[in-house]
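> Handing you a structure now.
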Amino acid sequence: MRNGLRPLGLLGAWIVASSCGNGGGNSKGEQTDGGGSNMELTWCAVAPILEARCQRCHTDPEKNGAPFPLLSYDDTQRENRYEHMGAAIDRDFMPPLWLEVDPPVEPLSCREKATLLAWVDQDAPPPPEDDESCVATAPVELPCP
């Protein structure tokens, strides 16, 4: 398994299967183990986390078998990708610690995970209208649950 592509073949099947269950939680009242904050988050809160932890593979063109890019807010909205992201993060399927790359993939911190899951639970709000590039918005990471 030289480049880690074989396990990523399971990603598509896992995403389809996970979309049939109740997932790890969402804004419809289901609980997650990492979200649940009352703080309103926007794309600006998660963009730095995605850049640091996800865009190594979820780039354009995709690398290491990633199925789609996650470079922009619009990327997260296509086909409700943010919901699939939340399920994958909640179940510790992403980031793929089993992927054999150099340097190795590291797990999300509990603050990064809490922030991403809370954003998903809030139906993935966009960046503020007056700061679409997130230049004036300070990065946010929620505390660990």
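As shown in the structure tokens, the chain order sets the letters A, B, ...; within each chain, residues go from 1, and ligands are also counted from 1 in the order they appear.
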Report as a PyMOL selection string all protein, DNA and RNA residues lying within 10 Å of Lys113 in chain A, evaluated on only C-alpha atoms, omitting residues in the same chain fewer than 2 positions from it.
chain A and resi 33-35+46+49+86+89-90+92+107-111+115-119+141-145
> With distances taken over only C-alpha atoms, which of A:Ala66, A:Asn80, A:Leu50, A:Cys44 is nearest to Asp123 in chain A?
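Ranking A:Ala66, A:Asn80, A:Leu50, A:Cys44 by distance to Asp123 in chain A, first place goes to A:Asn80.
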> Just to confirm, what's the straight-line distance from CA of Pro96 in chain A to CA of Glu83 in chain A in Å (one decimal)?
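A separation of 17.3 Å between them.
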> Give the alpha helix (DSSP H) residues of range 27-110 of chain A, as assigned by DSSP on the backbone, as a ChimeraX atom specification.
/A:43-53,73-77,81-90,110
> Please, what distance in Å, to one decimal, runs between CA of Arg91 in chain A and CA of Asp121 in chain A?
14.6 Å
